[in-house]
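Asker: Before anything else, here's the structure in question.
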Amino acid sequence: MQWIFGAKGFRFPKIGRRLLFHGSSGLALGIILGLTLFTIIGLPRMLEPGGLGSNQTLLRFSSYEELRDFLNQTGSTGNWYYDASSKGFVVALAESSSVQFSRTNIQVEGVDEADIVKSDGEYIYLVSGNTLIIVRAYPPEDAEVLSKITFNGTVTGVFVNGDRLVVFQEDYGYWIEPREGESEKAIIYPGFGEVKVHVRIFNIEDRENPVLAREITVNGGYFTSRMIGNYVYAIVNQPATVIEGVVPLPVIKDGDHAEKVEASDVYYANVSDYFYAFTTVLSVDIMTDEAPKHEVFLVGATSAVYVSRENIYVTIPKMPVFNEESQQMETTEIHRIQITDGEIKYETSGVVPGFVLNQFSMDEYDGYFRIATTTHTWRNGEEPASRNNVYILNMDLNVTGKIEDIAPGETIYSARFMGERGYLVTFKKIDPFFVIDLSDPANPEILGKLKITGYSDYLHPYDENRVIGIGKETIEAEEGDFAWYQGVKISFFDVSDVENPIEIDKYEIGDRGTDSPILWDHKALLFDKEKNLLAIPVLEAKINEEQYPGGVPSNAYGDYVWQGLYVFDISEDGLELRGRITHIEDLDEYMKSGFYFSSDYMVQRSLYIEDVLYTISAKKIKMNNLADLSEIGEVEL
């Protein structure tokens, strides 16, 4: 069994999909198993909740020896594994273009998010394997591959800004460092390969001949990145370990100039943790040769990051501790880092009870930070009890208002903050959809809720009174206190009557086993309200009812029958299927799939330029008429 800290934060053991169920659920089960593991291996006990303290800030080490002693005392000498999977596709907008085309589905307007497909309204930039491909995309009759760049490592994301293309790439080797005073004797650290993140900036004035203009390298694994104006901000995690008395510190290389971070420049929290990593926040002006700026933090394992135009919020999960009632409970540290025109400045830290699901569980609005968490508690050998909470914090990260004990026994499956409202989906057997008033930072309150079957993994605003939810349909289990998930479900909520939200429409796709990347990666969504357009990639599974003469059990999986893009018309009245587009013509591919299905022709993302809809897989770009989905052409990659 492999436990992983990956690009999406804490991840639980990888188990065959036919052994999992969503009910009491995989999340709660994973937490229980994870806590058991931590107990068995004797990890350090955490401090009391709030041990970081209100209005307390991170410290800085006075010397390398102090940093090394700190890690030695906390037992951070083990191995750490990084999982750089689950990277998707994304589309971007070049603001200066007069051509209409789809924007990236990002969380914060003006804060772009990197991924492995971008467009500027004329060209598409995408990654296929370890190769970056530039394609002339519009007009469709001139579509063709213009150039390719092959990398030795894994490409994790790209940005496009005018004639600049930014590529994030990871590679693996071994950390080799000479002993102090014995440069001829090198240490090759065992147990993990060295991970490096390369930030490569290309001049693409000539799309047929991209030129590498600059390369910056940081030790560690890629976690996430953002682009605000001409500045790219990258967050990189490097395991903090002591091996043979040596602490490998982060190194930042800009061209031929290498800078090893000094211990006295590292921020840290004087709080015991079960795991430490150096989190490097890097900023680069991609239009100039100005030296990159950075700050380094020695904290626990980063679980989620939220970025506004002014601040980066890094969250660190803390394992359960005993409070005064002898209950075990989790907490989350929050570190606020101010960003202004490439400058990076650590500001303050805070702590709240519970774990954070993802970036959409956080938001900054009108001088306040909002965060939704789920807490599990264990007491006197009883069944673990979960509760859900929403906290409002000021810019000093002190709690000003809160709602606790929301939907006891359930866990948060999705959250979205939209101005003075918040929306929350919790789940165990049914899906309570909560509408929350956040207009008074001191007194948030639940306005209304709706209980329906299924759950939403992702919430997206349609307008101020309607919300789209995408997740799974469910059927309550007869044999236990949980529910079996079924096919993909799109819900359309009307919240104009805040005390009585309703589901005005829904659309279900496939049977149990049906999946979509939108359930874990928001950049898979293509939505445009003005064009009445909603599109998601789907891997569809269907059950052959003839195989179950006694009736289909709720936990039965379907067989894979189709993969591609579902395209919907969406309006205030509801959803209607416009059509489907696939890149897979050979049905035998599905017959050979078994438990899992994978193909280089799986549609991962879609975008439009003017009246052309583009669907993108690793091997092909297909072009269809946006209105009637009639096929226009394709480009083989």
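By convention here, the chains of the structure tokens are called A, B, ... in the order presented, each chain's residues are numbered starting at 1, and ligands are numbered starting at 1 in the order presented.
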For region 116-124 of chain A, list every protein, DNA or RNA residue within 10 Å, evaluated using only C-alpha atoms, and leave out those in the same chain fewer than 4 positions away; present the list as an NGL selection string.

Answerer: :A and (87-104 or 128 or 132-140 or 143-146 or 155-163 or 165 or 167-168 or 207 or 604-610 or 614 or 616 or 621)

Asker: Please, could you write that set of residues out with C-alpha atoms as a JSON list (two decimals), in the first residue's frame?

Answerer:
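Saved to selection03.json:
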```json
[["chain", "number", "residue", "atom", "x", "y", "z"],
["A", 87, "LYS", "CA", -2.43, 17.05, -14.73],
["A", 88, "GLY", "CA", -5.08, 18.14, -17.19],
["A", 89, "PHE", "CA", -5.68, 20.55, -20.02],
["A", 90, "VAL", "CA", -6.61, 24.23, -19.95],
["A", 91, "VAL", "CA", -7.43, 27.03, -22.35],
["A", 92, "ALA", "CA", -6.45, 30.69, -21.93],
["A", 93, "LEU", "CA", -7.54, 34.00, -23.34],
["A", 94, "ALA", "CA", -5.24, 36.56, -24.90],
["A", 95, "GLU", "CA", -6.88, 39.76, -23.76],
["A", 96, "SER", "CA", -5.67, 41.78, -26.73],
["A", 97, "SER", "CA", -7.27, 39.53, -29.34],
["A", 98, "SER", "CA", -10.44, 40.67, -31.12],
["A", 99, "VAL", "CA", -11.34, 37.04, -31.85],
["A", 100, "GLN", "CA", -13.94, 35.47, -29.57],
["A", 101, "PHE", "CA", -12.72, 32.34, -27.86],
["A", 102, "SER", "CA", -13.10, 30.53, -24.58],
["A", 103, "ARG", "CA", -11.27, 31.50, -21.42],
["A", 104, "THR", "CA", -9.62, 29.26, -18.90],
["A", 128, "SER", "CA", 1.38, 15.27, -25.79],
["A", 132, "LEU", "CA", 5.02, 20.51, -26.56],
["A", 133, "ILE", "CA", 3.16, 21.07, -29.83],
["A", 134, "ILE", "CA", 2.20, 24.40, -31.37],
["A", 135, "VAL", "CA", -0.74, 24.18, -33.75],
["A", 136, "ARG", "CA", -2.20, 26.84, -36.01],
["A", 137, "ALA", "CA", -5.87, 26.37, -35.09],
["A", 138, "TYR", "CA", -7.83, 29.23, -36.67],
["A", 139, "PRO", "CA", -9.11, 29.50, -39.31],
["A", 140, "PRO", "CA", -9.86, 25.75, -39.30],
["A", 143, "ALA", "CA", -5.08, 24.15, -39.17],
["A", 144, "GLU", "CA", -1.71, 22.40, -38.98],
["A", 145, "VAL", "CA", 1.15, 21.49, -36.66],
["A", 146, "LEU", "CA", 3.78, 24.24, -36.76],
["A", 155, "VAL", "CA", 5.60, 18.78, -18.49],
["A", 156, "THR", "CA", 3.20, 19.88, -15.76],
["A", 157, "GLY", "CA", 1.70, 23.02, -17.26],
["A", 158, "VAL", "CA", 2.05, 26.01, -19.58],
["A", 159, "PHE", "CA", 1.13, 29.68, -19.76],
["A", 160, "VAL", "CA", 0.82, 31.87, -22.84],
["A", 161, "ASN", "CA", 1.20, 35.64, -22.68],
["A", 162, "GLY", "CA", 1.55, 37.39, -26.02],
["A", 163, "ASP", "CA", 4.76, 36.13, -27.61],
["A", 165, "LEU", "CA", 5.28, 30.73, -23.70],
["A", 167, "VAL", "CA", 6.59, 25.75, -19.69],
["A", 168, "PHE", "CA", 6.85, 23.99, -16.33],
["A", 207, "ARG", "CA", 5.62, 29.93, -33.88],
["A", 604, "GLN", "CA", -9.54, 15.68, -22.24],
["A", 605, "ARG", "CA", -10.49, 19.29, -22.95],
["A", 606, "SER", "CA", -12.43, 21.48, -25.33],
["A", 607, "LEU", "CA", -12.40, 25.13, -26.40],
["A", 608, "TYR", "CA", -14.01, 27.33, -29.00],
["A", 609, "ILE", "CA", -12.61, 29.98, -31.32],
["A", 610, "GLU", "CA", -15.35, 32.01, -32.98],
["A", 614, "TYR", "CA", -12.15, 22.18, -30.74],
["A", 616, "ILE", "CA", -8.37, 17.87, -27.78],
["A", 621, "ILE", "CA", -7.50, 17.91, -32.41]]
```

Asker: So that I can check the surroundings of Gly558 (chain A), please list as an MDAnalysis selection string every protein, DNA and RNA residue that reaches within 9 Å of it, counting only C-alpha atoms and ignoring chain neighbours fewer than 2 positions away.

Answerer: chainID A and resid 510:514 540:544 556 560:561

Asker: Could you pull out all residues of region 158-296 of chain A with a DSSP call of strand (DSSP E or B) and give them as a ChimeraX atom specification?

Answerer: /A:158-161,164-173,176-179,182-188,194-203,211-219,221-228,231-239,243,246,251-254,257-260,266-268,277-285,293-296

Asker: Take CA of Leu282 (chain A) and CA of Tyr172 (chain A) and report the distance between them in Å, one decimal.

Answerer: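 Computed distance, CA of Leu282 (chain A) to CA of Tyr172 (chain A), equals 20.0 Å.
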
Asker: At what distance in Å, to one decimal, does CA of Pro239 (chain A) lie from CA of Pro292 (chain A)?

Answerer: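 Computing it gives 21.9 Å between the two atoms.
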
Asker: Please return, as a list of chain:residue names, all residues of region 348-520 of chain A that DSSP assigns to helix (DSSP H, G or I) on the basis of the backbone.

Answerer: A:Gln359, A:Phe360, A:Ser361, A:Pro517, A:Ile518, A:Leu519

Asker: Taking a cut-off of 12 Å and counting only C-alpha atoms, can you build a table that, for each residue of region 381-425 of chain A near region 464-483 of chain A, reports the nearest atom pair and how far apart they are in Å (one decimal), sorted by chain then residue number, as a tab-separated table?

Answerer:
```
residue	atom	partner	partner_atom	distance
A:Gly409	CA	A:Asp481	CA	10.5
A:Glu410	CA	A:Phe482	CA	10.2
A:Tyr413	CA	A:Gly471	CA	9.1
A:Ser414	CA	A:Gly469	CA	8.9
A:Ala415	CA	A:Gly469	CA	10.1
A:Arg416	CA	A:Val467	CA	9.7
A:Phe417	CA	A:Val467	CA	11.3
A:Met418	CA	A:Glu464	CA	8.3
A:Gly419	CA	A:Glu464	CA	9.3
A:Glu420	CA	A:Glu464	CA	10.4
A:Arg421	CA	A:Glu464	CA	9.4
A:Gly422	CA	A:Val467	CA	10.9
A:Tyr423	CA	A:Val467	CA	8.8
A:Leu424	CA	A:Gly469	CA	10.5
A:Val425	CA	A:Gly469	CA	9.2
```

Asker: When you look at region 247-255 of chain A with a cut-off of 9 Å (counting only C-alpha atoms), what residues show up, excluding the ones that are within fewer than 5 positions of it in the same chain? I need them as a list in words.

Answerer: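 My reading of the contact set: Tyr64, Leu67, Arg68, Leu71, Trp175, Glu177, Arg214, Glu215, Ile216, Thr217, Val218, Asn219, Gly220, Gln238, Pro239, Ala240, Thr241, Val242, Lys260, Val261, Glu262, Ala263, Phe278, Thr280, Ala291, Pro292, His294 and Val296 of chain A.
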
Asker: Restricting it to C-alpha atoms, dump the selection as a compact mmCIF listing (two decimals), in the first residue's frame.

Answerer:
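Once everything was written out, this is out04.txt:
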```txt
# COMPACT_ATOMS: atom_id res chain seq x y z
CA TYR A 64 22.07 26.24 9.27
CA LEU A 67 17.63 24.36 11.05
CA ARG A 68 19.34 20.95 11.05
CA LEU A 71 14.64 18.69 11.81
CA TRP A 175 20.65 14.61 -5.08
CA GLU A 177 26.17 17.16 -2.64
CA ARG A 214 15.32 31.91 -20.27
CA GLU A 215 15.39 28.95 -17.88
CA ILE A 216 14.97 28.95 -14.10
CA THR A 217 15.35 25.76 -12.06
CA VAL A 218 14.16 25.09 -8.51
CA ASN A 219 14.78 21.98 -6.43
CA GLY A 220 11.52 20.28 -5.50
CA GLN A 238 11.00 19.87 -1.55
CA PRO A 239 11.18 17.23 1.22
CA ALA A 240 13.08 18.41 4.30
CA THR A 241 15.26 15.61 5.59
CA VAL A 242 18.48 15.10 7.49
CA LYS A 260 21.52 28.08 -2.55
CA VAL A 261 18.92 29.29 -0.07
CA GLU A 262 20.48 30.23 3.27
CA ALA A 263 19.02 28.70 6.43
CA PHE A 278 10.51 23.36 2.06
CA THR A 280 9.39 27.72 -2.21
CA ALA A 291 16.25 38.12 -11.33
CA PRO A 292 13.49 35.90 -9.90
CA HIS A 294 11.54 33.93 -3.79
CA VAL A 296 11.12 29.68 1.43
```

Asker: Please, what distance in Å, to one decimal, runs between CA of Ser571 (chain A) and CA of Asp505 (chain A)?

Answerer: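 One can read the CA of Ser571 (chain A) to CA of Asp505 (chain A) distance as 10.6 Å.
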
Asker: Applying 9 Å and only C-alpha atoms, which residues near Ala234 (chain A) remain after dropping the ones on its own chain fewer than 6 positions away? List them as a list in words.

Answerer: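 My list of contacting residues is Val199, Tyr222, Phe223, Thr224, Ser225, Arg226, Met227, Thr280, Val281, Leu282, Ser283 and Val284 of chain A.
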